[in-house]
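A short worksheet on the structure shown next.
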Amino acid sequence: MDNEKKQTLKYNFKEIESKWQKIWDEQQLYKAPEKPGKDKYYMLVMFAYPSGDIHMGHFRNYILGDATARYQMMKGRDVLHPFGWDAFGLPAERAAIQRGLHPAEWTYKNIETSRKTLQTTGISFDWSREVMSCSPDYYKWTQWMFIQLFKKGLAYQKTGWVNWCPEDKTVLANEQVVDGECERCHTKVEKKELKQWYFRITDYADRLIDGLDMLPKWPDNVKTMQKEWIGRSYGLEVDFIIKETGEKIPIFTTRPDTIYGVTFMAIAPESPLVEKLNLVGEYREKVEKYKKEVLMRSEIDRAAAVGEKDGVFTGKYAINPFNGEEIQLWVADYVLAGYGTGAVMAVPAHDSRDFLFAKKYDIPIKIVIHPDGNTVLKLDEMDDAYTDYGVMVNSAHFDGAVGEDAIRKVNDYAEEKGIGRKKVNYKLRDWLISRQRYWGAPIPIIHCPKCGAVSVTESDLPVLLPDVENYIPKGRSPLADVPEYMNVKCPECGGKAQRDADTMDTFVCSSWYYLRYADPKNDKKPYDRDKLDPWMPIDKYIGGITHATGHLIYFRFFQKFLKDIGWVKDEEPATELFNLGMVMDAKGEVMSKSKGNVVSPIGLMDRRGIDISRLGMFFTAPAEKEVLWTDDVLVGVEKFIKNRFYPLTGKFRGADLDLKSCFKLSELDDYSKNTYIKLNQTIKRVGEDFDRLQFNTAISALMELEHDFKPDKIKSDALNDYIILKAIQLMAPMAPHLAEEMWHRCGMNDSVFRSEWPEFDPDAVKFDTVTIAIQVNGKLRSEMEMARDSAKDDVISTALEDSKVKTYTDGKEIIKRIYIANRLVNIVVK
RNA sequence: GCCGGAGUGGUGGAAUUGGUAGACACCAGGGACUUAAAAUCCCUUGGAUCGCAAGGUCCGUGCCGGUUCGAGUCCGGCCUCCGGCACCA
């Protein structure tokens, strides 16, 4: 080989990558049409929070989306593959405080840096549709969304006990409290009683659960997590009566069959029910003291104290409406104010928590369920409650009723007598969306002394975030200290009024961004349905599992609400969800700036090239698995590309050929035929692998193909070139620059991404001779070559002739002959 | 505690519905080329064992049992790890 030729085959990734990025950009290769044709593909990756620069986790996420988008493009679909920035949020404010920068400045700087990195990766985003949630032309519509919810009564204010982060000095949603700590700064979360804004997501609880059954392409673990998070349970609400006053206190139970075993009642200390008891004297003091004590306990302490129960007796008694029995009324920490009615009927014999409590305070225990007709529970032998279903005893006319049937009978009786009603309860709480912070979308509400809370007139949107001088959190929104902002006229009566000073949780911003991509510049409405509808639903949504019970519930909620008010057509936003695995450092630790173990994709791409970096990431593990990153994972693919795959262009002969045609097997010599078959098997495998995001095996398949393909042995120029071009196409979604360069070196003029994705020749996906394994009694003993689809009898008689097989079958009786077509024979002898 | 998921060579991982376990790589070892090194190429590479060799034999997918002609895959019981929930009545 002469020097000149060697030179042209050197894989100069820097030159190749920058060249094609420039050309693709000029050609607007990734620009999605305003409205897609029939065959559309909406490829969505979760947008990014701009904190510094993109890291390896983002890189992995986005190359998965990119390869999918390019693959769909080649399959002839109109692809929407947009990107944007989840740009409001606390870290920007913290940076503002620490560095004396405006949060906007910090945010926009990070967006610049991150966008540049992403553009360097050559990811096929349609940048003309980029959105930023902190920009007024975006948050205008976040505010519009709020107003629509408000109009329907789904955004409302209420006073209640909320999670409060003393460090960030703001309230947090339940989802933002992890193990009793603020998920951002890990400070212990406190409870405060405050008036806050909520979205009535609980109205959608049933649809959020039931909708999961319409999502076969969502991973089961996410669906299970959402179901448990929403926590639907069916039960009975029973009215207990306060003895003194005759007032009713309803309780919720999922075990109505244990109602005759109630020996006390317990109320949550912070429940308003406690007030209703009108306690006086020593009991009032005791209960007040206890309540204060409990509120001092942090979430962590309360969580850690599971198993330890305490409470105080109120001196009051309640009456069980089923049997008229008088029971003690306690206040106890283990009862949650926010679930059910804030009060429980306690059945120590059949509930472990009630059992512990009753033992501790010497409250009677009454057995009303026996495991079955023959087993009888004995109180002095019990060291825990019996909580399984069983036979009702000591329960008046219900005695003998069993399990779910028993529950049904008790429920019916309660409804008939008017002492209770069937009820569904949820663990899910309404979504607390107000934040006492600066860097968020202002809540578009004006508080008027006469008219109350009034929404800002839609034509006055956006409510612009004003500049403030001081971001230091004081426990109220920094906006409250800006009089020009706060003091406005009431949109209804024109009188003096004040704006709501709070901003919205950033999860509100991210609950609808996928809709804005369809029409990102619209200043008349959030989007035009004519533009949105043809793209929806999202065909594939790729992101981390961390959002399973947060964002992925919120955005489904928004979709359902918008469907109800006629702004979207689908019940569910995304047909398929894919959770990618995390990228850790070599020791298995999460990469973080403070640990100094962050591997930057930009450095990597600079040293090894974008396509090698992508292939290394793809090859090292299946996409859903965690990856421990070292540059070592690149060694194999780098050698393959540099020494094997890229040099294939040097073997191209420039034949005149039609890529859509097939070769006739009968006209090929043995080697050519086998290679042609291998090619078609590879086409089939790679396509199937792409469909399930299994890029690691797709690369293996291409390595095998290259290994088997020896151009020197291929006589037909057309076949030789055909194999090379198809291999380039199969590689293209994973290594775009490399493939494009090779494609053009082989004389193609248009982009490889506008070429048609290879289809396999159905006649050529199987060899016409097959290797059949021969087992005797299930153990592999030999193998043989047979014509494909040979008759069963022929295959078995050939197998029986095999000399190795004979040594195992001689002199033995053959009881069974099993043949699995084209794969295996099993001879069973005795 | 409850609910998911996983456990395969020295390593990352293949095996799409029960049908030849370990594809494809990495690492390691050996060889070729070279004055030498790097690079490149070729060979070996689950364990044990027999054989000069060609080639056999036995064991082997966390552990114990089961179903089946046949189990990494299905069933029952256990162990370990990871993730989620965590007093939800």
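Ordering of the structure tokens sets the chain letters (A, B, ...), residue numbers begin anew at 1 in every chain, and ligands are numbered from 1 in the order given.
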Residues at most 12 Å from segment 8-18 of chain B, counting only C-alpha atoms (C1' of nucleotides), excluding those fewer than 3 positions away in the same chain, as a ChimeraX atom specification? /A:616-622,625-630,632-634,636,685,688-689,691-692,694,696-701,820 /B:21-28,45-47,60-62,67-68,70-74
Could you pull out the alpha helix (DSSP H) residues of segment 477-672 of chain A from DSSP and send them as JSON, numbers by chain? {"A": [483, 484, 485, 486, 506, 507, 508, 509, 513, 514, 515, 516, 529, 530, 531, 532, 551, 552, 553, 554, 555, 556, 557, 558, 559, 560, 561, 562, 563, 564, 601, 602, 603, 604, 605, 606, 607, 608, 610, 611, 612, 613, 614, 615, 616, 617, 618, 619, 620, 634, 635, 636, 637, 638, 639, 670, 671, 672]}
Taking 5 positions as the minimum chain separation for residues in the same chain, which residues sit within 12 Å of Phe561 of chain A when counting only C-alpha atoms (C1' of nucleotides)? Answer as a PDB file with N, CA, C and O atoms, in the first residue's frame.
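What follows is the written file result-v4.pdb:
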ATOM      1  N   MET A 145     -50.913  28.519  32.694  1.00  0.00           N
ATOM      2  CA  MET A 145     -51.325  27.183  33.165  1.00  0.00           C
ATOM      3  C   MET A 145     -51.896  27.293  34.581  1.00  0.00           C
ATOM      4  O   MET A 145     -52.926  26.700  34.893  1.00  0.00           O
ATOM      5  N   PHE A 146     -51.196  28.047  35.409  1.00  0.00           N
ATOM      6  CA  PHE A 146     -51.658  28.242  36.788  1.00  0.00           C
ATOM      7  C   PHE A 146     -53.074  28.817  36.782  1.00  0.00           C
ATOM      8  O   PHE A 146     -53.960  28.362  37.508  1.00  0.00           O
ATOM      9  N   GLN A 148     -55.365  28.661  34.486  1.00  0.00           N
ATOM     10  CA  GLN A 148     -56.372  27.686  34.051  1.00  0.00           C
ATOM     11  C   GLN A 148     -56.741  26.746  35.206  1.00  0.00           C
ATOM     12  O   GLN A 148     -57.908  26.416  35.399  1.00  0.00           O
ATOM     13  N   LEU A 149     -55.730  26.332  35.961  1.00  0.00           N
ATOM     14  CA  LEU A 149     -55.990  25.465  37.119  1.00  0.00           C
ATOM     15  C   LEU A 149     -56.812  26.213  38.160  1.00  0.00           C
ATOM     16  O   LEU A 149     -57.736  25.676  38.762  1.00  0.00           O
ATOM     17  N   PHE A 150     -56.458  27.470  38.344  1.00  0.00           N
ATOM     18  CA  PHE A 150     -57.155  28.312  39.327  1.00  0.00           C
ATOM     19  C   PHE A 150     -58.630  28.470  38.946  1.00  0.00           C
ATOM     20  O   PHE A 150     -59.520  28.340  39.791  1.00  0.00           O
ATOM     21  N   LYS A 152     -60.454  26.503  37.373  1.00  0.00           N
ATOM     22  CA  LYS A 152     -61.205  25.255  37.569  1.00  0.00           C
ATOM     23  C   LYS A 152     -61.215  24.829  39.034  1.00  0.00           C
ATOM     24  O   LYS A 152     -61.602  23.708  39.354  1.00  0.00           O
ATOM     25  N   GLY A 153     -60.705  25.686  39.885  1.00  0.00           N
ATOM     26  CA  GLY A 153     -60.674  25.344  41.305  1.00  0.00           C
ATOM     27  C   GLY A 153     -59.608  24.318  41.654  1.00  0.00           C
ATOM     28  O   GLY A 153     -59.637  23.715  42.730  1.00  0.00           O
ATOM     29  N   LEU A 154     -58.674  24.125  40.747  1.00  0.00           N
ATOM     30  CA  LEU A 154     -57.637  23.107  40.993  1.00  0.00           C
ATOM     31  C   LEU A 154     -56.353  23.717  41.540  1.00  0.00           C
ATOM     32  O   LEU A 154     -55.419  23.005  41.890  1.00  0.00           O
ATOM     33  N   ALA A 155     -56.311  25.051  41.586  1.00  0.00           N
ATOM     34  CA  ALA A 155     -55.219  25.727  42.287  1.00  0.00           C
ATOM     35  C   ALA A 155     -55.884  26.488  43.416  1.00  0.00           C
ATOM     36  O   ALA A 155     -56.793  27.272  43.177  1.00  0.00           O
ATOM     37  N   PHE A 199     -51.953  22.491  44.152  1.00  0.00           N
ATOM     38  CA  PHE A 199     -52.691  21.992  42.986  1.00  0.00           C
ATOM     39  C   PHE A 199     -53.428  20.735  43.433  1.00  0.00           C
ATOM     40  O   PHE A 199     -52.842  19.856  44.082  1.00  0.00           O
ATOM     41  N   ARG A 200     -54.686  20.664  43.025  1.00  0.00           N
ATOM     42  CA  ARG A 200     -55.531  19.571  43.490  1.00  0.00           C
ATOM     43  C   ARG A 200     -55.272  18.294  42.674  1.00  0.00           C
ATOM     44  O   ARG A 200     -56.146  17.768  42.005  1.00  0.00           O
ATOM     45  N   ILE A 201     -54.050  17.786  42.757  1.00  0.00           N
ATOM     46  CA  ILE A 201     -53.666  16.588  41.996  1.00  0.00           C
ATOM     47  C   ILE A 201     -54.443  15.361  42.497  1.00  0.00           C
ATOM     48  O   ILE A 201     -54.649  14.401  41.759  1.00  0.00           O
ATOM     49  N   THR A 202     -54.908  15.427  43.748  1.00  0.00           N
ATOM     50  CA  THR A 202     -55.641  14.269  44.291  1.00  0.00           C
ATOM     51  C   THR A 202     -56.946  14.025  43.534  1.00  0.00           C
ATOM     52  O   THR A 202     -57.441  12.904  43.513  1.00  0.00           O
ATOM     53  N   ASP A 203     -57.478  15.059  42.891  1.00  0.00           N
ATOM     54  CA  ASP A 203     -58.666  14.854  42.054  1.00  0.00           C
ATOM     55  C   ASP A 203     -58.378  13.889  40.909  1.00  0.00           C
ATOM     56  O   ASP A 203     -59.289  13.323  40.330  1.00  0.00           O
ATOM     57  N   TYR A 204     -57.103  13.781  40.566  1.00  0.00           N
ATOM     58  CA  TYR A 204     -56.712  12.945  39.425  1.00  0.00           C
ATOM     59  C   TYR A 204     -56.117  11.612  39.870  1.00  0.00           C
ATOM     60  O   TYR A 204     -55.589  10.870  39.045  1.00  0.00           O
ATOM     61  N   ALA A 205     -56.189  11.331  41.169  1.00  0.00           N
ATOM     62  CA  ALA A 205     -55.513  10.137  41.700  1.00  0.00           C
ATOM     63  C   ALA A 205     -55.940   8.866  40.960  1.00  0.00           C
ATOM     64  O   ALA A 205     -55.094   8.072  40.542  1.00  0.00           O
ATOM     65  N   ARG A 207     -57.311   8.527  37.981  1.00  0.00           N
ATOM     66  CA  ARG A 207     -56.876   8.501  36.582  1.00  0.00           C
ATOM     67  C   ARG A 207     -55.365   8.311  36.481  1.00  0.00           C
ATOM     68  O   ARG A 207     -54.867   7.706  35.525  1.00  0.00           O
ATOM     69  N   LEU A 208     -54.631   8.825  37.450  1.00  0.00           N
ATOM     70  CA  LEU A 208     -53.175   8.638  37.425  1.00  0.00           C
ATOM     71  C   LEU A 208     -52.805   7.179  37.670  1.00  0.00           C
ATOM     72  O   LEU A 208     -51.836   6.671  37.101  1.00  0.00           O
ATOM     73  N   SER A 511     -43.591  20.643  33.936  1.00  0.00           N
ATOM     74  CA  SER A 511     -44.745  19.770  33.730  1.00  0.00           C
ATOM     75  C   SER A 511     -45.375  19.942  32.359  1.00  0.00           C
ATOM     76  O   SER A 511     -46.251  19.176  31.984  1.00  0.00           O
ATOM     77  N   TRP A 512     -44.956  20.955  31.631  1.00  0.00           N
ATOM     78  CA  TRP A 512     -45.600  21.164  30.328  1.00  0.00           C
ATOM     79  C   TRP A 512     -44.628  21.518  29.212  1.00  0.00           C
ATOM     80  O   TRP A 512     -45.044  21.783  28.094  1.00  0.00           O
ATOM     81  N   TYR A 554     -46.250  14.463  37.904  1.00  0.00           N
ATOM     82  CA  TYR A 554     -46.730  15.820  37.644  1.00  0.00           C
ATOM     83  C   TYR A 554     -47.063  16.027  36.172  1.00  0.00           C
ATOM     84  O   TYR A 554     -48.064  16.638  35.843  1.00  0.00           O
ATOM     85  N   PHE A 555     -46.206  15.551  35.284  1.00  0.00           N
ATOM     86  CA  PHE A 555     -46.468  15.851  33.867  1.00  0.00           C
ATOM     87  C   PHE A 555     -47.625  15.021  33.340  1.00  0.00           C
ATOM     88  O   PHE A 555     -48.356  15.461  32.453  1.00  0.00           O
ATOM     89  N   ARG A 556     -47.873  13.876  33.930  1.00  0.00           N
ATOM     90  CA  ARG A 556     -49.070  13.113  33.557  1.00  0.00           C
ATOM     91  C   ARG A 556     -50.320  13.841  34.054  1.00  0.00           C
ATOM     92  O   ARG A 556     -51.347  13.863  33.388  1.00  0.00           O
ATOM     93  N   GLY A 566     -59.516  20.727  27.040  1.00  0.00           N
ATOM     94  CA  GLY A 566     -59.477  20.790  25.583  1.00  0.00           C
ATOM     95  C   GLY A 566     -58.202  21.339  24.983  1.00  0.00           C
ATOM     96  O   GLY A 566     -58.223  21.906  23.895  1.00  0.00           O
ATOM     97  N   TRP A 567     -57.090  21.168  25.659  1.00  0.00           N
ATOM     98  CA  TRP A 567     -55.845  21.689  25.105  1.00  0.00           C
ATOM     99  C   TRP A 567     -54.901  20.604  24.588  1.00  0.00           C
ATOM    100  O   TRP A 567     -53.876  20.898  23.988  1.00  0.00           O
ATOM    101  N   VAL A 568     -55.170  19.359  24.880  1.00  0.00           N
ATOM    102  CA  VAL A 568     -54.417  18.255  24.270  1.00  0.00           C
ATOM    103  C   VAL A 568     -55.413  17.142  23.965  1.00  0.00           C
ATOM    104  O   VAL A 568     -56.515  17.120  24.508  1.00  0.00           O
ATOM    105  N   LYS A 569     -54.987  16.211  23.099  1.00  0.00           N
ATOM    106  CA  LYS A 569     -55.932  15.180  22.689  1.00  0.00           C
ATOM    107  C   LYS A 569     -55.733  13.855  23.407  1.00  0.00           C
ATOM    108  O   LYS A 569     -56.646  13.043  23.472  1.00  0.00           O
ATOM    109  N   ASP A 570     -54.535  13.625  23.951  1.00  0.00           N
ATOM    110  CA  ASP A 570     -54.250  12.298  24.511  1.00  0.00           C
ATOM    111  C   ASP A 570     -54.377  12.285  26.031  1.00  0.00           C
ATOM    112  O   ASP A 570     -54.065  13.259  26.697  1.00  0.00           O
ATOM    113  N   GLU A 571     -54.776  11.163  26.558  1.00  0.00           N
ATOM    114  CA  GLU A 571     -54.889  10.994  28.004  1.00  0.00           C
ATOM    115  C   GLU A 571     -53.498  10.897  28.648  1.00  0.00           C
ATOM    116  O   GLU A 571     -53.289  11.346  29.756  1.00  0.00           O
ATOM    117  N   GLU A 572     -52.577  10.262  27.942  1.00  0.00           N
ATOM    118  CA  GLU A 572     -51.226  10.093  28.483  1.00  0.00           C
ATOM    119  C   GLU A 572     -50.209  10.797  27.578  1.00  0.00           C
ATOM    120  O   GLU A 572     -50.307  10.723  26.355  1.00  0.00           O
ATOM    121  N   PRO A 573     -49.210  11.453  28.171  1.00  0.00           N
ATOM    122  CA  PRO A 573     -48.265  12.222  27.361  1.00  0.00           C
ATOM    123  C   PRO A 573     -47.229  11.386  26.604  1.00  0.00           C
ATOM    124  O   PRO A 573     -46.819  11.777  25.527  1.00  0.00           O
TER     125      PRO A 573
END
Which residue, B:A32, B:C50, B:A38, B:C2, has the smallest gap to chain A when you use only C-alpha atoms (C1' of nucleotides)?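 So, comparing all the options, the nearest one is B:C2.
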What lies within 12 Å of C69 of chain B using only C-alpha atoms (C1' of nucleotides), ignoring chain neighbours under 4 positions off, as an NGL selection string? (:A and (775-779 or 814-820 or 824-830)) or (:B and (19))
Go ahead and compute the interatomic distance for atom CA of Ile319 of chain A and atom CA of Ile419 of chain A, in Å to one decimal.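 Separating atom CA of Ile319 of chain A from atom CA of Ile419 of chain A is a distance of 11.7 Å.
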Between atom CA of Lys40 of chain A and atom CA of Pro82 of chain A, what distance in Å does the model show, to one decimal? 13.9 Å
Taken to one decimal, the atom CA of Pro256 of chain A-atom CA of Arg302 of chain A distance is 27.8 Å
Just the residues within 12 Å of Tyr722 of chain A, please, counting only C-alpha atoms (C1' of nucleotides), with nothing from its chain fewer than 5 positions along; format it as number ranges by chain. A: 648-649, 651-663, 672, 675-676, 679-680, 709, 711, 714, 716-717, 727-729, 743, 746, 758
How would the residues just chosen look if you wrote them out with N, CA, C and O atoms as a short mmCIF file (atom, residue, chain, number, x, y, z; two decimals), in the first residue's frame?
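Output below, filename part-v1.cif:
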data_model
loop_
_atom_site.label_atom_id
_atom_site.label_comp_id
_atom_site.auth_asym_id
_atom_site.auth_seq_id
_atom_site.Cartn_x
_atom_site.Cartn_y
_atom_site.Cartn_z
N LEU A 648 -12.47 0.25 6.08
CA LEU A 648 -13.31 -0.41 5.09
C LEU A 648 -13.52 0.45 3.84
O LEU A 648 -13.69 -0.07 2.73
N THR A 649 -13.50 1.78 4.03
CA THR A 649 -13.70 2.65 2.87
C THR A 649 -12.61 2.42 1.82
O THR A 649 -12.85 2.60 0.63
N LYS A 651 -11.54 -0.31 0.93
CA LYS A 651 -11.86 -1.53 0.18
C LYS A 651 -13.02 -1.31 -0.79
O LYS A 651 -13.45 -2.24 -1.47
N PHE A 652 -13.53 -0.10 -0.77
CA PHE A 652 -14.67 0.20 -1.64
C PHE A 652 -14.19 0.25 -3.09
O PHE A 652 -13.15 0.81 -3.39
N ARG A 653 -14.97 -0.39 -3.98
CA ARG A 653 -14.49 -0.51 -5.35
C ARG A 653 -15.21 0.40 -6.34
O ARG A 653 -14.88 0.43 -7.52
N GLY A 654 -16.24 1.08 -5.90
CA GLY A 654 -16.92 2.02 -6.79
C GLY A 654 -17.82 1.35 -7.81
O GLY A 654 -17.96 1.82 -8.94
N ALA A 655 -18.41 0.26 -7.42
CA ALA A 655 -19.29 -0.46 -8.34
C ALA A 655 -20.61 0.30 -8.53
O ALA A 655 -21.00 1.10 -7.68
N ASP A 656 -21.28 -0.01 -9.62
CA ASP A 656 -22.58 0.57 -9.87
C ASP A 656 -23.60 -0.37 -9.23
O ASP A 656 -23.70 -1.54 -9.61
N LEU A 657 -24.31 0.09 -8.21
CA LEU A 657 -25.21 -0.86 -7.55
C LEU A 657 -26.45 -0.18 -7.03
O LEU A 657 -26.49 1.03 -6.83
N ASP A 658 -27.44 -1.00 -6.76
CA ASP A 658 -28.71 -0.50 -6.23
C ASP A 658 -28.86 -1.02 -4.80
O ASP A 658 -28.96 -2.22 -4.58
N LEU A 659 -28.85 -0.10 -3.85
CA LEU A 659 -28.88 -0.50 -2.46
C LEU A 659 -30.20 -1.15 -2.06
O LEU A 659 -30.30 -1.80 -1.03
N LYS A 660 -31.23 -0.92 -2.85
CA LYS A 660 -32.54 -1.48 -2.49
C LYS A 660 -32.71 -2.91 -2.97
O LYS A 660 -33.66 -3.58 -2.60
N SER A 661 -31.80 -3.33 -3.85
CA SER A 661 -31.98 -4.66 -4.43
C SER A 661 -31.43 -5.74 -3.50
O SER A 661 -30.72 -5.46 -2.55
N CYS A 662 -31.78 -6.98 -3.79
CA CYS A 662 -31.22 -8.12 -3.06
C CYS A 662 -30.39 -8.95 -4.01
O CYS A 662 -30.56 -8.87 -5.22
N PHE A 663 -29.50 -9.74 -3.44
CA PHE A 663 -28.72 -10.67 -4.26
C PHE A 663 -29.42 -12.01 -4.27
O PHE A 663 -30.11 -12.36 -3.31
N SER A 672 -19.19 -15.91 -0.65
CA SER A 672 -19.99 -14.72 -0.85
C SER A 672 -21.38 -14.90 -0.26
O SER A 672 -21.94 -14.01 0.37
N THR A 675 -21.28 -14.69 3.49
CA THR A 675 -21.07 -13.31 3.95
C THR A 675 -22.33 -12.49 3.75
O THR A 675 -22.70 -11.67 4.59
N TYR A 676 -22.98 -12.72 2.63
CA TYR A 676 -24.24 -12.02 2.36
C TYR A 676 -25.30 -12.38 3.42
O TYR A 676 -26.03 -11.53 3.91
N LEU A 679 -24.43 -10.61 6.58
CA LEU A 679 -24.84 -9.21 6.50
C LEU A 679 -26.32 -9.06 6.85
O LEU A 679 -26.71 -8.20 7.65
N ASN A 680 -27.14 -9.91 6.27
CA ASN A 680 -28.58 -9.78 6.51
C ASN A 680 -28.97 -10.15 7.93
O ASN A 680 -29.87 -9.53 8.51
N PHE A 709 -16.12 -10.57 7.19
CA PHE A 709 -16.09 -9.98 5.86
C PHE A 709 -14.65 -9.80 5.40
O PHE A 709 -13.92 -8.96 5.92
N PRO A 711 -12.90 -8.74 2.10
CA PRO A 711 -13.13 -8.24 0.75
C PRO A 711 -12.34 -8.99 -0.32
O PRO A 711 -12.84 -9.21 -1.42
N ILE A 714 -14.22 -11.70 -1.91
CA ILE A 714 -15.48 -11.41 -2.59
C ILE A 714 -15.20 -11.06 -4.05
O ILE A 714 -14.48 -10.10 -4.32
N SER A 716 -17.57 -10.39 -6.48
CA SER A 716 -18.47 -9.39 -7.04
C SER A 716 -18.22 -8.01 -6.43
O SER A 716 -18.32 -7.82 -5.22
N ASP A 717 -17.89 -7.04 -7.29
CA ASP A 717 -17.68 -5.68 -6.83
C ASP A 717 -18.95 -5.15 -6.18
O ASP A 717 -18.92 -4.46 -5.17
N ALA A 727 -23.09 -1.64 6.06
CA ALA A 727 -22.43 -1.60 7.38
C ALA A 727 -22.32 -0.16 7.85
O ALA A 727 -22.51 0.15 9.03
N ILE A 728 -22.00 0.75 6.94
CA ILE A 728 -21.90 2.17 7.30
C ILE A 728 -23.26 2.68 7.79
O ILE A 728 -23.35 3.38 8.79
N GLN A 729 -24.31 2.30 7.08
CA GLN A 729 -25.64 2.73 7.50
C GLN A 729 -26.00 2.22 8.89
O GLN A 729 -26.58 2.93 9.70
N TRP A 743 -19.42 7.31 4.31
CA TRP A 743 -20.48 7.30 3.30
C TRP A 743 -20.07 8.18 2.10
O TRP A 743 -20.21 7.78 0.95
N CYS A 746 -17.25 6.89 0.05
CA CYS A 746 -17.70 5.86 -0.88
C CYS A 746 -18.52 6.46 -2.01
O CYS A 746 -19.29 5.75 -2.67
N PRO A 758 -31.41 0.09 6.11
CA PRO A 758 -31.39 -1.22 5.45
C PRO A 758 -32.49 -2.16 5.95
O PRO A 758 -32.79 -2.19 7.13
#
For chain A, the closest of B:A86, B:A37, B:C78, B:C43 counting only C-alpha atoms (C1' of nucleotides) is B:A86
Tyr438 of chain A surroundings by only C-alpha atoms (C1' of nucleotides), 9 Å radius, close-in-sequence under 5 positions cut, as a list in words: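 After dropping sequence-adjacent residues, the list is Gly89, Leu90, Glu93, Pro103, Leu465, Val468, Tyr471, Pro473, Ser477, Pro478, Leu479, Asp502 and Thr503 of chain A.
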Using only C-alpha atoms, pick whichever of A:Glu469, A:Asp460, A:Thr254, A:Arg232 has the shortest atom-to-atom distance to Ala96 of chain A.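 Checking each of A:Glu469, A:Asp460, A:Thr254, A:Arg232 against Ala96 of chain A, counting only C-alpha atoms, the winner is A:Glu469.
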